[in-house]
$ cat entry_29.csv   # CSV, C-alpha atoms
chain,number,residue,atom,x,y,z
A,14,SER,CA,8.3,-12.5,27.6
A,15,GLY,CA,8.9,-13.8,31.1
A,16,ILE,CA,10.3,-17.2,30.0
A,17,GLY,CA,13.8,-18.0,29.0
A,18,GLU,CA,15.1,-19.4,25.7
A,19,SER,CA,15.9,-22.8,27.2
A,20,ALA,CA,12.5,-23.2,28.8
A,21,ILE,CA,10.9,-22.4,25.4
A,22,GLY,CA,13.1,-24.9,23.7
A,23,ALA,CA,12.0,-27.6,26.1
A,24,ARG,CA,8.3,-26.9,25.2
A,25,ILE,CA,8.8,-26.9,21.4
A,26,ASP,CA,11.7,-29.3,20.9
A,27,ASP,CA,9.9,-31.5,18.4
A,28,LEU,CA,8.7,-28.5,16.4
A,29,MET,CA,12.3,-27.2,16.2
A,30,ARG,CA,13.2,-30.5,14.3
A,31,LEU,CA,10.8,-29.9,11.5
A,32,SER,CA,12.2,-29.4,8.0
A,33,ASN,CA,9.5,-27.3,6.4
A,34,PRO,CA,8.5,-25.1,8.0
A,35,THR,CA,11.6,-24.7,10.3
A,36,VAL,CA,11.3,-23.2,13.8
A,37,GLY,CA,14.1,-21.5,15.6
A,38,THR,CA,14.6,-19.2,18.5
A,39,ALA,CA,16.7,-16.0,19.1
A,40,ALA,CA,17.2,-14.5,22.6
A,41,HIS,CA,17.4,-10.7,23.2
A,42,PRO,CA,17.6,-8.8,26.4
A,43,GLY,CA,14.2,-9.6,28.1
A,44,GLN,CA,12.5,-11.5,25.3
A,45,THR,CA,12.9,-14.5,23.0
A,46,ASP,CA,11.9,-14.5,19.3
A,47,VAL,CA,10.4,-17.7,17.9
A,48,ARG,CA,10.8,-17.7,14.1
A,49,ILE,CA,8.9,-19.8,11.6
A,50,THR,CA,10.2,-20.0,8.1
A,51,ALA,CA,8.6,-21.9,5.2
A,52,LYS,CA,9.5,-22.6,1.6
A,53,GLY,CA,6.7,-22.9,-1.0
A,54,GLU,CA,5.9,-22.2,-4.6
A,55,SER,CA,4.1,-19.1,-3.6
A,56,GLU,CA,3.6,-16.8,-0.6
A,57,GLU,CA,0.2,-18.3,-0.1
A,58,GLU,CA,1.6,-21.8,0.1
A,59,ALA,CA,4.3,-20.8,2.5
A,60,LEU,CA,1.7,-19.0,4.8
A,61,ALA,CA,-0.5,-22.1,4.7
A,62,LEU,CA,2.5,-24.2,5.9
A,63,ILE,CA,3.2,-21.7,8.7
A,64,ALA,CA,-0.4,-21.3,10.0
A,65,PRO,CA,-0.8,-24.7,11.8
A,66,VAL,CA,2.7,-24.5,13.3
A,67,GLU,CA,2.1,-21.0,14.6
A,68,ALA,CA,-1.2,-22.2,16.1
A,69,GLU,CA,0.6,-25.1,17.9
A,70,LEU,CA,3.3,-22.7,19.1
A,71,ARG,CA,0.7,-20.4,20.6
A,72,ARG,CA,-1.0,-23.3,22.2
A,73,ARG,CA,2.2,-24.5,23.9
A,74,LEU,CA,3.6,-21.0,24.9
A,75,GLY,CA,0.2,-19.5,25.8
A,76,ASP,CA,0.2,-16.2,27.7
A,77,PHE,CA,4.0,-15.8,27.3
A,78,VAL,CA,3.4,-14.7,23.7
A,79,PHE,CA,2.9,-10.9,23.7
A,80,GLY,CA,3.2,-9.9,20.0
A,81,VAL,CA,4.1,-10.7,16.5
A,82,ASP,CA,6.6,-9.5,13.8
A,83,GLN,CA,8.2,-6.3,14.9
A,84,GLU,CA,6.0,-5.4,17.9
A,85,SER,CA,7.8,-4.6,21.1
A,86,ILE,CA,6.2,-5.2,24.5
A,87,GLY,CA,6.2,-1.4,24.9
A,88,ASP,CA,4.1,-1.2,21.7
A,89,VAL,CA,1.7,-3.8,23.0
A,90,VAL,CA,1.3,-2.1,26.4
A,91,ASN,CA,0.8,1.3,24.9
A,92,HIS,CA,-1.8,0.0,22.5
A,93,LEU,CA,-3.7,-1.7,25.4
A,94,LEU,CA,-3.6,1.5,27.4
A,95,ALA,CA,-4.7,3.7,24.5
A,96,GLU,CA,-7.5,1.2,23.6
A,97,ARG,CA,-8.9,1.5,27.1
A,98,GLY,CA,-8.3,5.2,27.6
A,99,LEU,CA,-5.9,4.6,30.5
A,100,ARG,CA,-2.8,6.4,31.6
A,101,LEU,CA,0.3,4.9,33.3
A,102,ALA,CA,2.7,6.5,35.7
A,103,LEU,CA,6.2,5.1,36.5
A,104,VAL,CA,8.7,5.2,39.3
A,105,GLU,CA,12.0,3.4,38.7
A,106,THR,CA,15.4,3.1,40.3
A,107,VAL,CA,17.4,0.1,39.0
A,108,THR,CA,16.3,0.6,35.3
A,109,GLN,CA,17.5,4.2,35.4
A,110,GLY,CA,14.8,5.7,33.2
A,111,GLN,CA,15.1,3.1,30.4
A,112,LEU,CA,11.6,1.8,31.1
A,113,ALA,CA,10.1,5.3,30.6
A,114,GLN,CA,12.1,5.7,27.4
A,115,ASP,CA,11.0,2.4,26.0
A,116,LEU,CA,7.3,3.4,26.6
A,117,ALA,CA,7.8,6.9,25.2
A,118,ARG,CA,9.3,5.6,22.0
A,119,ALA,CA,6.7,2.9,21.4
A,120,VAL,CA,3.8,3.3,19.0
A,121,ASP,CA,0.5,4.7,20.4
A,122,SER,CA,2.5,6.3,23.2
A,123,HIS,CA,0.8,9.7,23.0
A,124,GLY,CA,-1.1,10.3,26.2
A,125,SER,CA,-0.6,6.8,27.6
A,126,LEU,CA,2.4,7.7,29.8
A,127,ALA,CA,1.2,10.1,32.5
A,128,GLY,CA,4.7,10.8,33.9
A,129,SER,CA,7.7,9.1,35.4
A,130,VAL,CA,10.0,9.5,38.4
A,131,ILE,CA,13.6,8.3,38.0
A,132,LEU,CA,15.5,7.9,41.3
A,133,PRO,CA,19.1,6.9,42.1
A,134,ASP,CA,18.0,4.4,44.7
A,135,ALA,CA,15.2,3.3,47.0
A,136,GLU,CA,16.3,5.7,49.7
A,137,ALA,CA,15.1,8.6,47.6
A,138,LEU,CA,11.5,7.3,47.6
A,139,GLY,CA,10.8,9.1,50.8
A,140,ALA,CA,11.8,12.6,49.6
A,141,ALA,CA,10.3,12.2,46.1
A,142,LEU,CA,7.1,10.4,46.8
A,143,GLY,CA,6.6,10.4,50.5
A,144,VAL,CA,7.0,6.7,51.0
A,145,PRO,CA,7.1,6.2,54.8
A,146,ALA,CA,10.5,5.4,56.3
A,147,GLU,CA,9.1,2.2,57.9
A,148,ALA,CA,8.4,0.8,54.3
A,149,LEU,CA,12.1,1.3,53.5
A,150,ALA,CA,13.4,-0.6,56.4
A,151,GLY,CA,14.7,-4.1,55.9
A,152,ALA,CA,16.8,-5.5,53.0
A,153,GLY,CA,19.0,-2.6,52.2
A,154,THR,CA,16.2,-0.1,52.3
A,155,ILE,CA,14.4,-2.1,49.6
A,156,SER,CA,11.2,-4.1,50.2
A,157,GLN,CA,8.0,-5.2,48.5
A,158,GLU,CA,6.1,-2.9,50.7
A,159,ALA,CA,8.3,0.0,49.5
A,160,ALA,CA,7.5,-0.9,45.9
A,161,GLU,CA,3.8,-1.2,46.6
A,162,GLN,CA,3.7,2.2,48.3
A,163,ALA,CA,5.8,3.8,45.5
A,164,ALA,CA,3.3,2.4,42.9
A,165,VAL,CA,0.4,4.0,44.7
A,166,ALA,CA,2.2,7.2,45.3
A,167,VAL,CA,3.3,7.8,41.7
A,168,ARG,CA,-0.2,6.9,40.4
A,169,ARG,CA,-1.7,9.5,42.7
A,170,ALA,CA,1.0,12.1,42.0
A,171,TYR,CA,0.2,12.1,38.3
A,172,GLY,CA,-3.5,11.4,38.5
A,173,ALA,CA,-3.0,8.2,36.5
A,174,ASP,CA,-5.1,5.1,36.3
A,175,LEU,CA,-2.1,2.8,36.9
A,176,GLY,CA,1.1,3.2,38.8
A,177,LEU,CA,4.1,1.0,38.2
A,178,ALA,CA,7.2,0.8,40.5
A,179,VAL,CA,10.4,-1.0,39.7
A,180,ILE,CA,12.6,-0.7,42.8
A,181,GLY,CA,16.1,-2.2,43.1
A,182,PRO,CA,19.6,-1.6,44.5
A,183,ARG,CA,22.0,0.9,42.9
A,184,ASP,CA,24.2,-2.0,41.7
A,185,PRO,CA,21.9,-5.0,41.0
A,186,GLY,CA,24.8,-7.2,40.0
A,187,ALA,CA,26.8,-6.7,43.2
A,188,PRO,CA,27.4,-9.8,45.4
A,189,ASP,CA,24.6,-10.2,48.0
A,190,ALA,CA,22.6,-7.3,46.4
A,191,PRO,CA,18.9,-7.4,47.4
A,192,PRO,CA,16.4,-8.4,44.7
A,193,VAL,CA,14.4,-6.0,42.5
A,194,PHE,CA,10.8,-5.5,43.5
A,195,MET,CA,7.9,-4.6,41.2
A,196,SER,CA,4.4,-3.5,42.0
A,197,LEU,CA,1.5,-2.2,39.9
A,198,SER,CA,-1.2,-0.1,41.5
A,199,ALA,CA,-4.6,-0.2,39.8
A,200,GLY,CA,-7.3,1.7,41.7
A,201,ASP,CA,-7.7,0.1,45.0
A,202,ARG,CA,-5.8,-3.1,44.0
A,203,THR,CA,-2.1,-3.8,44.0
A,204,ARG,CA,-0.5,-6.5,41.8
A,205,ASN,CA,3.1,-7.6,42.5
A,206,GLY,CA,5.6,-9.3,40.4
A,207,LEU,CA,8.0,-11.9,41.8
A,208,PRO,CA,11.1,-10.4,43.4
A,209,ARG,CA,13.9,-10.9,41.0
A,210,PRO,CA,17.7,-11.0,41.4
A,211,GLY,CA,19.2,-8.1,39.5
A,212,ARG,CA,21.7,-8.3,36.7
A,213,SER,CA,24.1,-5.6,35.5
A,214,GLY,CA,24.2,-4.1,32.0
A,215,VAL,CA,21.9,-3.9,29.1
A,216,SER,CA,20.8,-7.5,29.3
A,217,GLY,CA,19.9,-7.2,33.0
A,218,GLN,CA,17.9,-4.0,32.4
A,219,GLY,CA,16.1,-5.5,29.4
A,220,TRP,CA,15.0,-8.5,31.4
A,221,LEU,CA,13.6,-6.3,34.2
A,222,ILE,CA,11.9,-3.9,31.8
A,223,HIS,CA,10.1,-6.8,30.0
A,224,LEU,CA,9.0,-8.3,33.3
A,225,ALA,CA,7.6,-5.0,34.5
A,226,LEU,CA,5.7,-4.3,31.3
A,227,ASP,CA,4.5,-7.8,31.2
A,228,LEU,CA,3.0,-7.2,34.7
A,229,VAL,CA,1.0,-4.3,33.1
A,230,ARG,CA,0.0,-6.3,30.1
A,231,ARG,CA,-1.3,-9.2,32.2
A,232,GLU,CA,-3.3,-6.8,34.3
A,233,LEU,CA,-4.9,-5.1,31.3
A,234,LEU,CA,-5.8,-8.4,29.7
A,235,GLY,CA,-6.9,-10.1,32.9
A,236,LEU,CA,-4.3,-12.8,32.7
A,237,PRO,CA,-2.9,-14.7,35.7
A,238,ALA,CA,0.7,-14.4,36.8
A,239,PRO,CA,3.1,-16.6,34.8
A,240,GLU,CA,3.7,-20.1,36.2

$ encode --input "entry_29.csv" --output "C-alpha cells"
Amino acid sequence: SGIGESAIGARIDDLMRLSNPTVGTAAHPGQTDVRITAKGESEEEALALIAPVEAELRRRLGDFVFGVDQESIGDVVNHLLAERGLRLALVETVTQGQLAQDLARAVDSHGSLAGSVILPDAEALGAALGVPAEALAGAGTISQEAAEQAAVAVRRAYGADLGLAVIGPRDPGAPDAPPVFMSLSAGDRTRNGLPRPGRSGVSGQGWLIHLALDLVRRELLGLPAPE
C-alpha cells in the first residue's frame, strides 16, 4: 500500500522476468498485489522455490508490504489495534463512510472501532466536532490544521486511543479541487499524511482509504512515513 504498480515494477523488474517461480502484479483500488507462482513435483518443492523470491521481494519493497494472501489492510490494522488493546475513532468526509465500513467488516474488528463521524464536507466539522472556524479558513474550508483538530476532537469525543481524520472536498475529482488532508491523533502527538489530490469513484476512494489506514499501521508499528 502507498506505492503504485509502476513504481513496484521498477523495483522488481528482473524478478518479473523469472521463469520459475514467476512474479506478477495486479493493481486494485488502493493496493497492488504481488503474486509468486511456482511449479514443482510437490507442494514442498514449490514452496521452497517461492521462499527466496518472497524474501527478496520483501527486502526491496520493505515497509510498503502490509500483509499476505487474503489479508486486507483493514484486517491488519484491526489486528494491531486488538493486539495492543487500543480503540480508533474516525471522522471522514470525502470517503463518505467507506473507511468505517471497511474497518467494521474486517477481522478482529470487535471493540477496535470506537466510533465514526461521517460528514458531507469540511464545513460541517464545526457543528459536529467543534473545530474552530479559523481552522477551516483557507483552501475551500479545508486545511491540514482542520484535519489535525478533527482527529483530536473525534478521539476525545469517543474516548478513543487514536483519532483518524480524512478531510476532503465534496467532489474530489472536480477541476481545481483542494487536496485531501489526513491526520492521526495519538495521545499528545499528531501524525499527518501527505496532502493528496482527490480522485472520483471507487478507485479514488480506495486509494485514500488505504493511505489513511496505512498511516495508522505505520504509527502502531513505529514505522517512518513512506519515502

$ residues_around --input "entry_29.csv" --residues "Val47 in chain A" --least-positions-apart "5" --cutoff "9 Å" --atoms "all atoms listed in the file" --output "ChimeraX atom specification"
/A:21,36-40,70

$ residues_around --input "entry_29.csv" --residues "Gly214 in chain A" --least-positions-apart "3" --cutoff "10 Å" --atoms "all atoms listed in the file" --output "PyMOL selection string"
chain A and resi 42+108+184-186+211+217-219

$ atom_distance --input "entry_29.csv" --atom1 "CA of Gly53 in chain A" --atom2 "CA of Asp82 in chain A"
20.0 Å

$ axis_aligned_box --input "entry_29.csv" --around "range 112-129 of chain A" --padding-each-side "6 Å" --output "lines of an AutoDock Vina configuration file"
center_x = 5.5
center_y = 6.3
center_z = 27.2
size_x = 25.2
size_y = 21.0
size_z = 28.4

$ closest_residue --input "entry_29.csv" --among "A:Glu96, A:Glu67, A:Asp27, A:Glu18" --to "Gly43 in chain A" --atoms "all atoms listed in the file"
A:Glu18

$ closest_residue --input "entry_29.csv" --among "A:Pro237, A:Gly206, A:Gly172, A:Gly75" --to "His223 in chain A" --atoms "all atoms listed in the file"
A:Gly206

$ closest_residue --input "entry_29.csv" --among "A:Ser55, A:Ile49, A:Leu197, A:Ala61" --to "Arg230 in chain A" --atoms "only C-alpha atoms"
A:Leu197

$ decode --input "entry_29.csv" --residues "range 34-48 of chain A" --atoms "all heavy atoms" --output "PDB file, in the first residue's frame"
ATOM      1  N   PRO A  34      10.237 -19.567 -10.045  1.00  0.00           N
ATOM      2  CA  PRO A  34       8.875 -19.044  -9.980  1.00  0.00           C
ATOM      3  C   PRO A  34       8.674 -17.858 -10.934  1.00  0.00           C
ATOM      4  O   PRO A  34       9.633 -17.231 -11.356  1.00  0.00           O
ATOM      5  CB  PRO A  34       8.731 -18.585  -8.524  1.00  0.00           C
ATOM      6  CG  PRO A  34       9.911 -19.136  -7.798  1.00  0.00           C
ATOM      7  CD  PRO A  34      10.990 -19.292  -8.810  1.00  0.00           C
ATOM      8  N   THR A  35       7.410 -17.566 -11.202  1.00  0.00           N
ATOM      9  CA  THR A  35       7.069 -16.350 -11.922  1.00  0.00           C
ATOM     10  C   THR A  35       6.543 -15.317 -10.932  1.00  0.00           C
ATOM     11  O   THR A  35       5.960 -15.667  -9.904  1.00  0.00           O
ATOM     12  CB  THR A  35       6.005 -16.609 -12.994  1.00  0.00           C
ATOM     13  OG1 THR A  35       4.825 -17.151 -12.375  1.00  0.00           O
ATOM     14  CG2 THR A  35       6.522 -17.591 -14.040  1.00  0.00           C
ATOM     15  N   VAL A  36       6.760 -14.053 -11.238  1.00  0.00           N
ATOM     16  CA  VAL A  36       6.316 -12.952 -10.387  1.00  0.00           C
ATOM     17  C   VAL A  36       5.487 -11.998 -11.237  1.00  0.00           C
ATOM     18  O   VAL A  36       5.904 -11.610 -12.335  1.00  0.00           O
ATOM     19  CB  VAL A  36       7.510 -12.195  -9.766  1.00  0.00           C
ATOM     20  CG1 VAL A  36       7.030 -11.005  -8.943  1.00  0.00           C
ATOM     21  CG2 VAL A  36       8.342 -13.136  -8.898  1.00  0.00           C
ATOM     22  N   GLY A  37       4.320 -11.629 -10.749  1.00  0.00           N
ATOM     23  CA  GLY A  37       3.455 -10.698 -11.464  1.00  0.00           C
ATOM     24  C   GLY A  37       2.746  -9.773 -10.497  1.00  0.00           C
ATOM     25  O   GLY A  37       2.710 -10.013  -9.287  1.00  0.00           O
ATOM     26  N   THR A  38       2.191  -8.688 -11.023  1.00  0.00           N
ATOM     27  CA  THR A  38       1.472  -7.730 -10.197  1.00  0.00           C
ATOM     28  C   THR A  38       0.043  -7.559 -10.701  1.00  0.00           C
ATOM     29  O   THR A  38      -0.242  -7.792 -11.871  1.00  0.00           O
ATOM     30  CB  THR A  38       2.173  -6.348 -10.193  1.00  0.00           C
ATOM     31  OG1 THR A  38       2.226  -5.843 -11.529  1.00  0.00           O
ATOM     32  CG2 THR A  38       3.573  -6.453  -9.622  1.00  0.00           C
ATOM     33  N   ALA A  39      -0.836  -7.155  -9.801  1.00  0.00           N
ATOM     34  CA  ALA A  39      -2.234  -6.861 -10.136  1.00  0.00           C
ATOM     35  C   ALA A  39      -2.683  -5.693  -9.279  1.00  0.00           C
ATOM     36  O   ALA A  39      -2.630  -5.757  -8.053  1.00  0.00           O
ATOM     37  CB  ALA A  39      -3.119  -8.073  -9.892  1.00  0.00           C
ATOM     38  N   ALA A  40      -3.098  -4.613  -9.924  1.00  0.00           N
ATOM     39  CA  ALA A  40      -3.495  -3.409  -9.199  1.00  0.00           C
ATOM     40  C   ALA A  40      -4.972  -3.441  -8.861  1.00  0.00           C
ATOM     41  O   ALA A  40      -5.801  -3.883  -9.652  1.00  0.00           O
ATOM     42  CB  ALA A  40      -3.178  -2.172 -10.026  1.00  0.00           C
ATOM     43  N   HIS A  41      -5.318  -2.987  -7.657  1.00  0.00           N
ATOM     44  CA  HIS A  41      -6.686  -2.845  -7.174  1.00  0.00           C
ATOM     45  C   HIS A  41      -6.813  -1.439  -6.588  1.00  0.00           C
ATOM     46  O   HIS A  41      -5.807  -0.775  -6.355  1.00  0.00           O
ATOM     47  CB  HIS A  41      -6.994  -3.892  -6.099  1.00  0.00           C
ATOM     48  CG  HIS A  41      -6.733  -5.297  -6.543  1.00  0.00           C
ATOM     49  ND1 HIS A  41      -7.613  -6.014  -7.310  1.00  0.00           N
ATOM     50  CD2 HIS A  41      -5.665  -6.115  -6.336  1.00  0.00           C
ATOM     51  CE1 HIS A  41      -7.119  -7.217  -7.552  1.00  0.00           C
ATOM     52  NE2 HIS A  41      -5.929  -7.301  -6.968  1.00  0.00           N
ATOM     53  N   PRO A  42      -8.030  -0.962  -6.337  1.00  0.00           N
ATOM     54  CA  PRO A  42      -8.165   0.371  -5.747  1.00  0.00           C
ATOM     55  C   PRO A  42      -7.422   0.495  -4.422  1.00  0.00           C
ATOM     56  O   PRO A  42      -7.815  -0.096  -3.421  1.00  0.00           O
ATOM     57  CB  PRO A  42      -9.676   0.511  -5.553  1.00  0.00           C
ATOM     58  CG  PRO A  42     -10.267  -0.357  -6.609  1.00  0.00           C
ATOM     59  CD  PRO A  42      -9.338  -1.540  -6.695  1.00  0.00           C
ATOM     60  N   GLY A  43      -6.295   1.192  -4.438  1.00  0.00           N
ATOM     61  CA  GLY A  43      -5.564   1.438  -3.204  1.00  0.00           C
ATOM     62  C   GLY A  43      -4.437   0.477  -2.891  1.00  0.00           C
ATOM     63  O   GLY A  43      -3.630   0.747  -2.018  1.00  0.00           O
ATOM     64  N   GLN A  44      -4.382  -0.647  -3.564  1.00  0.00           N
ATOM     65  CA  GLN A  44      -3.317  -1.594  -3.256  1.00  0.00           C
ATOM     66  C   GLN A  44      -2.881  -2.324  -4.517  1.00  0.00           C
ATOM     67  O   GLN A  44      -3.605  -2.369  -5.512  1.00  0.00           O
ATOM     68  CB  GLN A  44      -3.752  -2.621  -2.207  1.00  0.00           C
ATOM     69  CG  GLN A  44      -4.698  -3.704  -2.734  1.00  0.00           C
ATOM     70  CD  GLN A  44      -5.033  -4.754  -1.691  1.00  0.00           C
ATOM     71  OE1 GLN A  44      -5.489  -4.431  -0.613  1.00  0.00           O
ATOM     72  NE2 GLN A  44      -4.829  -6.010  -2.014  1.00  0.00           N
ATOM     73  N   THR A  45      -1.694  -2.907  -4.463  1.00  0.00           N
ATOM     74  CA  THR A  45      -1.180  -3.729  -5.551  1.00  0.00           C
ATOM     75  C   THR A  45      -0.787  -5.090  -4.991  1.00  0.00           C
ATOM     76  O   THR A  45      -0.064  -5.167  -3.995  1.00  0.00           O
ATOM     77  CB  THR A  45       0.040  -3.071  -6.223  1.00  0.00           C
ATOM     78  OG1 THR A  45      -0.361  -1.810  -6.764  1.00  0.00           O
ATOM     79  CG2 THR A  45       0.582  -3.939  -7.342  1.00  0.00           C
ATOM     80  N   ASP A  46      -1.282  -6.140  -5.617  1.00  0.00           N
ATOM     81  CA  ASP A  46      -0.890  -7.492  -5.236  1.00  0.00           C
ATOM     82  C   ASP A  46       0.366  -7.884  -6.011  1.00  0.00           C
ATOM     83  O   ASP A  46       0.488  -7.582  -7.200  1.00  0.00           O
ATOM     84  CB  ASP A  46      -1.993  -8.504  -5.569  1.00  0.00           C
ATOM     85  CG  ASP A  46      -3.271  -8.257  -4.790  1.00  0.00           C
ATOM     86  OD1 ASP A  46      -3.216  -7.537  -3.774  1.00  0.00           O
ATOM     87  OD2 ASP A  46      -4.318  -8.772  -5.198  1.00  0.00           O
ATOM     88  N   VAL A  47       1.283  -8.558  -5.336  1.00  0.00           N
ATOM     89  CA  VAL A  47       2.448  -9.155  -5.983  1.00  0.00           C
ATOM     90  C   VAL A  47       2.318 -10.666  -5.814  1.00  0.00           C
ATOM     91  O   VAL A  47       2.304 -11.163  -4.682  1.00  0.00           O
ATOM     92  CB  VAL A  47       3.769  -8.652  -5.360  1.00  0.00           C
ATOM     93  CG1 VAL A  47       4.957  -9.266  -6.093  1.00  0.00           C
ATOM     94  CG2 VAL A  47       3.851  -7.133  -5.415  1.00  0.00           C
ATOM     95  N   ARG A  48       2.183 -11.362  -6.944  1.00  0.00           N
ATOM     96  CA  ARG A  48       1.939 -12.809  -6.896  1.00  0.00           C
ATOM     97  C   ARG A  48       3.203 -13.567  -7.282  1.00  0.00           C
ATOM     98  O   ARG A  48       3.869 -13.222  -8.252  1.00  0.00           O
ATOM     99  CB  ARG A  48       0.802 -13.183  -7.862  1.00  0.00           C
ATOM    100  CG  ARG A  48      -0.538 -12.575  -7.537  1.00  0.00           C
ATOM    101  CD  ARG A  48      -1.624 -13.219  -8.408  1.00  0.00           C
ATOM    102  NE  ARG A  48      -1.331 -13.024  -9.822  1.00  0.00           N
ATOM    103  CZ  ARG A  48      -1.975 -12.150 -10.597  1.00  0.00           C
ATOM    104  NH1 ARG A  48      -2.924 -11.383 -10.086  1.00  0.00           N
ATOM    105  NH2 ARG A  48      -1.667 -12.038 -11.878  1.00  0.00           N
TER     106      ARG A  48
END
